[in-house]
Amino acid sequence: MKRANIYKKTLLLAAVTGLVFTSCKNKPNQTAEVTVKEEVVKNEKPNIVLLFVDDYGWSDIGYRNQTFTTPNLDKFKKESLDFNRAYIPTPTCSPSRLSLLTGKEAIRLGMPRHIALDKDNPDAEYNLWPSDPVQMPSRNYLPLEEVTYAERLQELGYYNMFIGKWHLGHPGRYPKDQGFDAEYGTTNSGHPKSYYYPFFKQEDDPRGFLKSGVKEGDYLTDVLTDGAVNFIKDYNKEKPFMLSFWYYSVHGPSIGRKDLLKKHQDAGLEGKYAHHAAMVEAMDESVGRVRKALEEKGIADNTVIIVLSDQGGAYTNAPLSGGKKGGNTLGEGGARVPLLINYPGVTKANTETNVPVQSIDIYPTLIEIASGKKCEDTQINGVSLLPVLKGETLEKRNLYFFRSYEDQYAAVMAGDFKLIKYHSGTYHLFNVAKDISEQDDLMGKGLQIEEELKNDLANWEKEAVPVYSK
C-alpha cells in the first residue's frame, strides 16, 4: 500500500521516481511530475482540513461542559464560526460518512444503518437488523458510481489525503477508489478492538496499517495524528491539498490514554466516564497538533479548517435529550453535533450562528471554496454554507432525518420546530429553540405547524425512501 507523504522514506521515493499515481472515476491512471522544493509552495486556492470526529457529542466540549478539557477546540471556537444547530441526516456511523462524502441524504441511497457484514456472505449488498420493526434492508457499501467531494476536488486541482476510519466498504471500495490520492490508517473496522496497539484484528487490516511502523504502547489517535502532521510537514506539491482526517475516536471501546486517564480519575471521574473524558482530551490534543503543523508550515492563513462529528455521544448529552443509543437518536442529543469552521479572510472570529444546517451542506461548500464558483451539482441535497460563512443566511428549508433500527425512525425540522415520527404511530413535536431538552411535547396543542410538518414528512418519505420488494 502507498502512503504518499506519510513517511519520509515515501517522500524520498516520490522524489527519486518523480511520479505520483492518481486515480479518478471513469478515468485511466495518470502520472504527474513532482518537483521537490525547499521553500513552502504557495497556492492561491486554500488548502482544506476536515477533522471528522466519531461519536463526539455536542455537549462534550469544554466551552459547553467543564467536565471536558478541550483547550485547543476552545481556542478554535474563539477564532471560528460555531454552528450551534448542525445536524446529521442519518446519525450513525456509515450513513453519516456517505452523506458527508456525497452531499446526499443517506436513505436515498438505501443506507439507513451502519454497515454490518455477514461473515458468511461478505459480498452481500444489503444487511438486515434484528431489532428493526420493519426489517428495512440497508446497503453495505457506498456505490462506486456515486460522486464524492474528493473526486470533485480532484477535478479542481486538489490533492486528496485520507486518514482514519472509512466504514463505507472493503478493499475495492476504499478511499483511493473514491477520489482520494492516498490513504493511511484505513481498515475494514468501524472501530478498533483497542486504542492501544495492535488496534485491529489482522483480518480487518488488508492494507497493512499494523505493519507500517506502529508498535506496542502506541495510542491510535496519536499514531493517526502523526500521519496527519507528517503529511502537512512533508507536502511539497504545486497544488492545494485537502486532508480528510476521520477519527476512530471517540467511538468505543472507551479506552483513554493512560496519562490522561489518570488525570481525569484524579479529578474525580470514574469508570467509563474517566476513559471518555481522556479520549476527548486526546482528540483535542490532536486538533492542536494539526493546527500547529499548519502554522509551522506557514500555510495556516491559507487553510480552511472544519471540525465536525458524525453523531451524538454514547454517554450523557445533557442538556440535550437522546444520544447514540437508547431509542431517541433523532433527539437533539443524537442528531445535533459540533460544527466549527475557520475560513481565513471569510469567517469572523468568535461568532455563532443558529441557522439549522446538515452535514450534506459540506459537499457544496467544499466545491465552492475550491472552485470560487457556485456549486452546480444537481444530484446533491445539501446547500452551500458560504453565505453563512460570510455572515449572511440561507433560504428557509426543511431538514429531514431517517434511521431504521427501532420504533423511532424519521423526523423533519422547519426553523425552530422538529417533528419526530415512530413506526407505532406516535409523533412528538418540539420547539428546539425554546426547549433544547425536548421536554415540552407540543403535539395536540392545536399548532398549525403540526399538520404542516406531518404532511411534509409524509411527502418526503414517498419521494426519498426506497421501496423494497419482499
# chains A, B, ... in the order shown; residues from 1 in each chain; ligands from 1

$ residues_around --residues "A:Asp226" --least-positions-apart "3" --cutoff "9 Å" --atoms "only C-alpha atoms" --output "PDB file with N, CA and C atoms, in the first residue's frame"
ATOM      1  N   ILE A   6       3.377  10.265   4.026  1.00  0.00           N
ATOM      2  CA  ILE A   6       3.234   9.979   5.451  1.00  0.00           C
ATOM      3  C   ILE A   6       4.613   9.787   6.077  1.00  0.00           C
ATOM      4  N   THR A 221      -5.097   7.285  18.343  1.00  0.00           N
ATOM      5  CA  THR A 221      -5.332   8.691  17.984  1.00  0.00           C
ATOM      6  C   THR A 221      -4.018   9.412  17.739  1.00  0.00           C
ATOM      7  N   ASP A 222      -3.005   9.115  18.549  1.00  0.00           N
ATOM      8  CA  ASP A 222      -1.696   9.756  18.381  1.00  0.00           C
ATOM      9  C   ASP A 222      -1.010   9.291  17.105  1.00  0.00           C
ATOM     10  N   VAL A 223      -1.128   8.003  16.787  1.00  0.00           N
ATOM     11  CA  VAL A 223      -0.496   7.469  15.578  1.00  0.00           C
ATOM     12  C   VAL A 223      -1.083   8.126  14.330  1.00  0.00           C
ATOM     13  N   VAL A 229       0.233  15.069  10.730  1.00  0.00           N
ATOM     14  CA  VAL A 229       1.283  16.079  10.900  1.00  0.00           C
ATOM     15  C   VAL A 229       2.396  15.865   9.876  1.00  0.00           C
ATOM     16  N   ASN A 230       2.807  14.621   9.673  1.00  0.00           N
ATOM     17  CA  ASN A 230       3.858  14.333   8.694  1.00  0.00           C
ATOM     18  C   ASN A 230       3.410  14.660   7.276  1.00  0.00           C
ATOM     19  N   PHE A 231       2.142  14.405   6.976  1.00  0.00           N
ATOM     20  CA  PHE A 231       1.634  14.761   5.659  1.00  0.00           C
ATOM     21  C   PHE A 231       1.763  16.257   5.430  1.00  0.00           C
ATOM     22  N   SER A 286      -4.920  16.286  19.444  1.00  0.00           N
ATOM     23  CA  SER A 286      -4.708  16.028  18.025  1.00  0.00           C
ATOM     24  C   SER A 286      -5.056  17.251  17.192  1.00  0.00           C
ATOM     25  N   ARG A 289      -2.315  19.710  17.496  1.00  0.00           N
ATOM     26  CA  ARG A 289      -1.105  19.333  16.765  1.00  0.00           C
ATOM     27  C   ARG A 289      -1.255  19.571  15.266  1.00  0.00           C
ATOM     28  N   VAL A 290      -2.433  19.283  14.720  1.00  0.00           N
ATOM     29  CA  VAL A 290      -2.664  19.529  13.293  1.00  0.00           C
ATOM     30  C   VAL A 290      -2.573  21.026  13.009  1.00  0.00           C
TER      31      VAL A 290
END

$ residues_around --residues "stretch 197-206 of chain A" --least-positions-apart "2" --cutoff "9 Å" --atoms "only C-alpha atoms" --output "MDAnalysis selection string"
chainID A and resid 170:171 185:189 191:195 208:210 214:220

$ residues_around --residues "stretch 318-324 of chain A" --least-positions-apart "4" --cutoff "9 Å" --atoms "only C-alpha atoms" --output "JSON, numbers by chain"
{"A": [55, 57, 58, 59, 91, 92, 311, 312, 313, 314, 328, 329, 330, 331, 332, 333, 334, 335, 336, 436, 437, 438, 439]}

$ write_last_selection --atoms "N, CA, C and O atoms" --output "CSV table (one decimal), in the first residue's frame"
chain,number,residue,atom,x,y,z
A,55,ASP,N,-18.7,9.9,17.1
A,55,ASP,CA,-19.5,9.8,18.3
A,55,ASP,C,-19.1,11.0,19.3
A,55,ASP,O,-19.2,10.8,20.5
A,57,GLY,N,-20.2,14.1,21.1
A,57,GLY,CA,-21.4,14.8,21.4
A,57,GLY,C,-21.3,16.3,21.4
A,57,GLY,O,-20.2,16.9,21.7
A,58,TRP,N,-22.4,16.9,21.1
A,58,TRP,CA,-22.5,18.4,21.0
A,58,TRP,C,-22.1,19.0,22.4
A,58,TRP,O,-21.5,20.1,22.4
A,59,SER,N,-22.3,18.3,23.5
A,59,SER,CA,-22.0,18.9,24.8
A,59,SER,C,-20.7,18.5,25.3
A,59,SER,O,-20.3,19.0,26.4
A,91,PRO,N,-28.1,9.9,11.7
A,91,PRO,CA,-27.0,9.9,12.7
A,91,PRO,C,-26.6,8.5,13.1
A,91,PRO,O,-27.1,7.9,14.1
A,92,THR,N,-25.6,8.0,12.4
A,92,THR,CA,-25.0,6.7,12.7
A,92,THR,C,-23.8,6.6,11.8
A,92,THR,O,-23.7,7.3,10.8
A,311,GLN,N,-22.2,11.9,14.8
A,311,GLN,CA,-23.5,11.8,15.6
A,311,GLN,C,-23.2,12.1,17.0
A,311,GLN,O,-22.1,12.4,17.4
A,312,GLY,N,-24.3,12.1,17.8
A,312,GLY,CA,-24.2,12.4,19.2
A,312,GLY,C,-23.4,11.3,20.0
A,312,GLY,O,-23.1,10.3,19.5
A,313,GLY,N,-23.1,11.7,21.3
A,313,GLY,CA,-22.3,10.8,22.1
A,313,GLY,C,-23.0,9.6,22.6
A,313,GLY,O,-24.3,9.5,22.7
A,314,ALA,N,-22.2,8.6,23.1
A,314,ALA,CA,-22.8,7.4,23.6
A,314,ALA,C,-23.2,7.5,25.1
A,314,ALA,O,-23.9,6.7,25.6
A,328,ASN,N,-33.7,7.1,21.1
A,328,ASN,CA,-34.0,8.5,20.8
A,328,ASN,C,-32.8,9.2,20.1
A,328,ASN,O,-32.4,10.3,20.5
A,329,THR,N,-32.3,8.5,19.1
A,329,THR,CA,-31.2,9.1,18.4
A,329,THR,C,-31.5,10.3,17.5
A,329,THR,O,-30.7,11.1,17.1
A,330,LEU,N,-32.8,10.4,17.1
A,330,LEU,CA,-33.2,11.6,16.4
A,330,LEU,C,-33.6,12.8,17.3
A,330,LEU,O,-33.9,13.8,16.9
A,331,GLY,N,-33.4,12.5,18.6
A,331,GLY,CA,-33.5,13.7,19.6
A,331,GLY,C,-32.2,14.5,19.4
A,331,GLY,O,-31.3,14.1,18.7
A,332,GLU,N,-32.2,15.7,20.0
A,332,GLU,CA,-31.1,16.6,19.8
A,332,GLU,C,-29.8,16.0,20.2
A,332,GLU,O,-28.8,16.3,19.6
A,333,GLY,N,-29.8,15.2,21.2
A,333,GLY,CA,-28.6,14.6,21.7
A,333,GLY,C,-28.0,13.6,20.7
A,333,GLY,O,-26.8,13.3,20.8
A,334,GLY,N,-28.7,13.1,19.8
A,334,GLY,CA,-28.2,12.1,18.9
A,334,GLY,C,-27.9,12.7,17.5
A,334,GLY,O,-27.0,12.3,16.8
A,335,ALA,N,-28.7,13.7,17.1
A,335,ALA,CA,-28.6,14.2,15.7
A,335,ALA,C,-27.9,15.5,15.7
A,335,ALA,O,-27.3,15.9,14.6
A,336,ARG,N,-27.8,16.3,16.7
A,336,ARG,CA,-27.1,17.6,16.7
A,336,ARG,C,-25.7,17.4,17.1
A,336,ARG,O,-25.4,16.7,18.1
A,436,ILE,N,-34.6,23.2,24.4
A,436,ILE,CA,-33.5,22.4,23.9
A,436,ILE,C,-33.4,21.0,24.4
A,436,ILE,O,-32.9,20.1,23.7
A,437,SER,N,-34.0,20.8,25.5
A,437,SER,CA,-34.0,19.4,26.1
A,437,SER,C,-35.2,18.6,25.6
A,437,SER,O,-35.4,17.4,26.1
A,438,GLU,N,-36.1,19.1,24.8
A,438,GLU,CA,-37.2,18.4,24.2
A,438,GLU,C,-38.1,17.8,25.3
A,438,GLU,O,-38.4,16.6,25.3
A,439,GLN,N,-38.5,18.6,26.3
A,439,GLN,CA,-39.3,18.1,27.4
A,439,GLN,C,-40.8,18.5,27.2
A,439,GLN,O,-41.7,17.9,27.9

$ atom_distance --atom1 "atom CA of A:Asn47" --atom2 "atom CA of A:Tyr363"
15.2 Å

$ residues_around --residues "stretch 66-71 of chain A" --least-positions-apart "3" --cutoff "6 Å" --atoms "only C-alpha atoms" --output "ChimeraX atom specification"
/A:61-62,74,277,281,284

$ write_last_selection --atoms "C-alpha atoms" --output "PDB file, in the first residue's frame"
ATOM      1  CA  ILE A  61     -16.600  20.236  24.629  1.00  0.00           C
ATOM      2  CA  GLY A  62     -15.029  22.461  27.249  1.00  0.00           C
ATOM      3  CA  ASP A  74     -11.970  26.174  22.922  1.00  0.00           C
ATOM      4  CA  ALA A 277     -13.022  12.339  29.043  1.00  0.00           C
ATOM      5  CA  GLU A 281      -8.761  15.290  25.539  1.00  0.00           C
ATOM      6  CA  ASP A 284      -8.373  17.759  21.357  1.00  0.00           C
TER       7      ASP A 284
END

$ closest_atom_pairs --of "stretch 178-251 of chain A" --to "stretch 161-169 of chain A" --cutoff "9 Å" --atoms "only C-alpha atoms" --output "Markdown table"
| residue | atom | partner | partner_atom | distance |
| --- | --- | --- | --- | --- |
| A:Phe180 | CA | A:Met161 | CA | 6.0 |
| A:Asp181 | CA | A:Met161 | CA | 6.0 |
| A:Ala182 | CA | A:Met161 | CA | 5.2 |
| A:Glu183 | CA | A:Phe162 | CA | 4.6 |
| A:Tyr184 | CA | A:Ile163 | CA | 4.8 |
| A:Gly185 | CA | A:Gly164 | CA | 4.8 |
| A:Thr186 | CA | A:Gly164 | CA | 5.2 |
| A:Thr187 | CA | A:Lys165 | CA | 7.0 |
| A:Asn188 | CA | A:His167 | CA | 6.6 |
| A:Ser189 | CA | A:His167 | CA | 6.6 |
| A:Gly190 | CA | A:His167 | CA | 5.4 |
| A:His191 | CA | A:Lys165 | CA | 7.7 |
| A:Leu224 | CA | A:Gly164 | CA | 6.7 |
| A:Thr225 | CA | A:Ile163 | CA | 8.8 |
| A:Gly227 | CA | A:Ile163 | CA | 7.6 |
| A:Ala228 | CA | A:Ile163 | CA | 7.2 |
| A:Phe231 | CA | A:Met161 | CA | 8.3 |
| A:Phe241 | CA | A:Met161 | CA | 7.5 |
| A:Met242 | CA | A:Met161 | CA | 6.3 |
| A:Leu243 | CA | A:Met161 | CA | 4.9 |
| A:Ser244 | CA | A:Phe162 | CA | 4.9 |
| A:Phe245 | CA | A:Ile163 | CA | 4.8 |
| A:Trp246 | CA | A:Gly164 | CA | 4.9 |
| A:Tyr247 | CA | A:Gly164 | CA | 5.4 |
| A:Tyr248 | CA | A:Lys165 | CA | 5.4 |

$ write_last_selection --atoms "N, CA and C atoms" --output "CSV table (one decimal), in the first residue's frame"
chain,number,residue,atom,x,y,z
A,180,PHE,N,-9.7,9.7,-3.5
A,180,PHE,CA,-8.6,10.1,-2.7
A,180,PHE,C,-7.3,9.6,-3.3
A,181,ASP,N,-6.2,10.4,-3.2
A,181,ASP,CA,-4.9,10.1,-3.8
A,181,ASP,C,-4.1,9.1,-2.9
A,182,ALA,N,-4.3,9.2,-1.6
A,182,ALA,CA,-3.6,8.4,-0.7
A,182,ALA,C,-4.4,8.2,0.5
A,183,GLU,N,-4.1,7.1,1.3
A,183,GLU,CA,-4.9,6.8,2.5
A,183,GLU,C,-3.9,6.3,3.5
A,184,TYR,N,-4.3,6.4,4.8
A,184,TYR,CA,-3.4,5.9,5.9
A,184,TYR,C,-4.3,5.6,7.1
A,185,GLY,N,-4.1,4.4,7.6
A,185,GLY,CA,-4.9,4.1,8.8
A,185,GLY,C,-6.3,3.5,8.5
A,186,THR,N,-6.6,3.3,7.2
A,186,THR,CA,-7.9,2.8,6.8
A,186,THR,C,-7.9,1.3,7.0
A,187,THR,N,-9.0,0.8,7.6
A,187,THR,CA,-9.2,-0.6,7.8
A,187,THR,C,-10.6,-1.0,7.5
A,188,ASN,N,-11.0,-2.3,7.6
A,188,ASN,CA,-12.4,-2.7,7.4
A,188,ASN,C,-13.2,-2.5,8.7
A,189,SER,N,-12.6,-2.0,9.7
A,189,SER,CA,-13.3,-1.9,11.0
A,189,SER,C,-14.1,-0.6,11.2
A,190,GLY,N,-15.2,-0.6,11.8
A,190,GLY,CA,-15.9,0.6,12.2
A,190,GLY,C,-15.4,1.1,13.5
A,191,HIS,N,-14.6,0.3,14.3
A,191,HIS,CA,-14.0,0.8,15.5
A,191,HIS,C,-12.9,-0.1,15.8
A,224,LEU,N,-2.4,8.2,14.3
A,224,LEU,CA,-3.0,8.8,13.1
A,224,LEU,C,-2.7,10.3,13.0
A,225,THR,N,-2.6,11.0,14.2
A,225,THR,CA,-2.2,12.4,14.2
A,225,THR,C,-0.8,12.6,13.7
A,227,GLY,N,0.5,10.8,11.4
A,227,GLY,CA,0.4,10.7,10.0
A,227,GLY,C,-0.1,12.0,9.4
A,228,ALA,N,-1.0,12.7,10.0
A,228,ALA,CA,-1.6,13.9,9.5
A,228,ALA,C,-0.5,15.0,9.6
A,231,PHE,N,2.1,14.4,7.0
A,231,PHE,CA,1.6,14.8,5.7
A,231,PHE,C,1.8,16.3,5.4
A,241,PHE,N,-4.0,21.1,-1.2
A,241,PHE,CA,-4.4,19.8,-0.7
A,241,PHE,C,-5.7,19.9,0.1
A,242,MET,N,-6.4,18.8,0.2
A,242,MET,CA,-7.4,18.6,1.2
A,242,MET,C,-7.1,17.4,2.0
A,243,LEU,N,-7.0,17.6,3.3
A,243,LEU,CA,-6.7,16.5,4.2
A,243,LEU,C,-8.0,16.1,4.9
A,244,SER,N,-8.5,14.9,4.7
A,244,SER,CA,-9.7,14.4,5.4
A,244,SER,C,-9.2,13.5,6.5
A,245,PHE,N,-9.2,13.9,7.7
A,245,PHE,CA,-8.8,13.2,8.9
A,245,PHE,C,-10.1,12.8,9.6
A,246,TRP,N,-10.4,11.5,9.4
A,246,TRP,CA,-11.7,10.9,10.0
A,246,TRP,C,-11.3,10.0,11.2
A,247,TYR,N,-11.4,10.5,12.4
A,247,TYR,CA,-11.0,9.8,13.6
A,247,TYR,C,-11.8,8.6,13.8
A,248,TYR,N,-11.2,7.6,14.4
A,248,TYR,CA,-11.9,6.4,15.0
A,248,TYR,C,-12.5,6.9,16.3

$ atom_distance --atom1 "atom CA of A:Val280" --atom2 "atom CA of A:Asp266"
16.4 Å

$ residues_around --residues "stretch 376-388 of chain A" --least-positions-apart "3" --cutoff "6 Å" --atoms "only C-alpha atoms" --output "MDAnalysis selection string"
chainID A and resid 103:104 360:361 364:365 391:393

$ write_last_selection --atoms "N, CA and C atoms" --output "PDB file, in the first residue's frame"
ATOM      1  N   GLY A 103     -22.955  14.582  -0.258  1.00  0.00           N
ATOM      2  CA  GLY A 103     -23.937  15.660  -0.192  1.00  0.00           C
ATOM      3  C   GLY A 103     -25.367  15.180  -0.300  1.00  0.00           C
ATOM      4  N   LYS A 104     -25.562  13.866  -0.106  1.00  0.00           N
ATOM      5  CA  LYS A 104     -26.891  13.280  -0.250  1.00  0.00           C
ATOM      6  C   LYS A 104     -27.412  12.742   1.082  1.00  0.00           C
ATOM      7  N   ILE A 360     -24.831  17.315   4.926  1.00  0.00           N
ATOM      8  CA  ILE A 360     -24.920  17.282   3.460  1.00  0.00           C
ATOM      9  C   ILE A 360     -24.545  18.630   2.851  1.00  0.00           C
ATOM     10  N   ASP A 361     -24.484  19.674   3.667  1.00  0.00           N
ATOM     11  CA  ASP A 361     -24.130  21.003   3.177  1.00  0.00           C
ATOM     12  C   ASP A 361     -22.622  21.179   3.025  1.00  0.00           C
ATOM     13  N   PRO A 364     -21.284  20.856  -1.079  1.00  0.00           N
ATOM     14  CA  PRO A 364     -21.277  22.032  -1.951  1.00  0.00           C
ATOM     15  C   PRO A 364     -20.423  23.175  -1.409  1.00  0.00           C
ATOM     16  N   THR A 365     -20.270  23.244  -0.096  1.00  0.00           N
ATOM     17  CA  THR A 365     -19.405  24.273   0.487  1.00  0.00           C
ATOM     18  C   THR A 365     -17.961  24.048   0.047  1.00  0.00           C
ATOM     19  N   GLY A 391     -21.431  35.665   6.923  1.00  0.00           N
ATOM     20  CA  GLY A 391     -22.273  36.449   7.810  1.00  0.00           C
ATOM     21  C   GLY A 391     -23.679  36.661   7.312  1.00  0.00           C
ATOM     22  N   GLU A 392     -24.043  35.945   6.245  1.00  0.00           N
ATOM     23  CA  GLU A 392     -25.393  36.067   5.689  1.00  0.00           C
ATOM     24  C   GLU A 392     -26.228  34.885   6.179  1.00  0.00           C
ATOM     25  N   THR A 393     -27.327  34.598   5.529  1.00  0.00           N
ATOM     26  CA  THR A 393     -28.174  33.492   5.967  1.00  0.00           C
ATOM     27  C   THR A 393     -28.540  32.617   4.777  1.00  0.00           C
TER      28      THR A 393
END
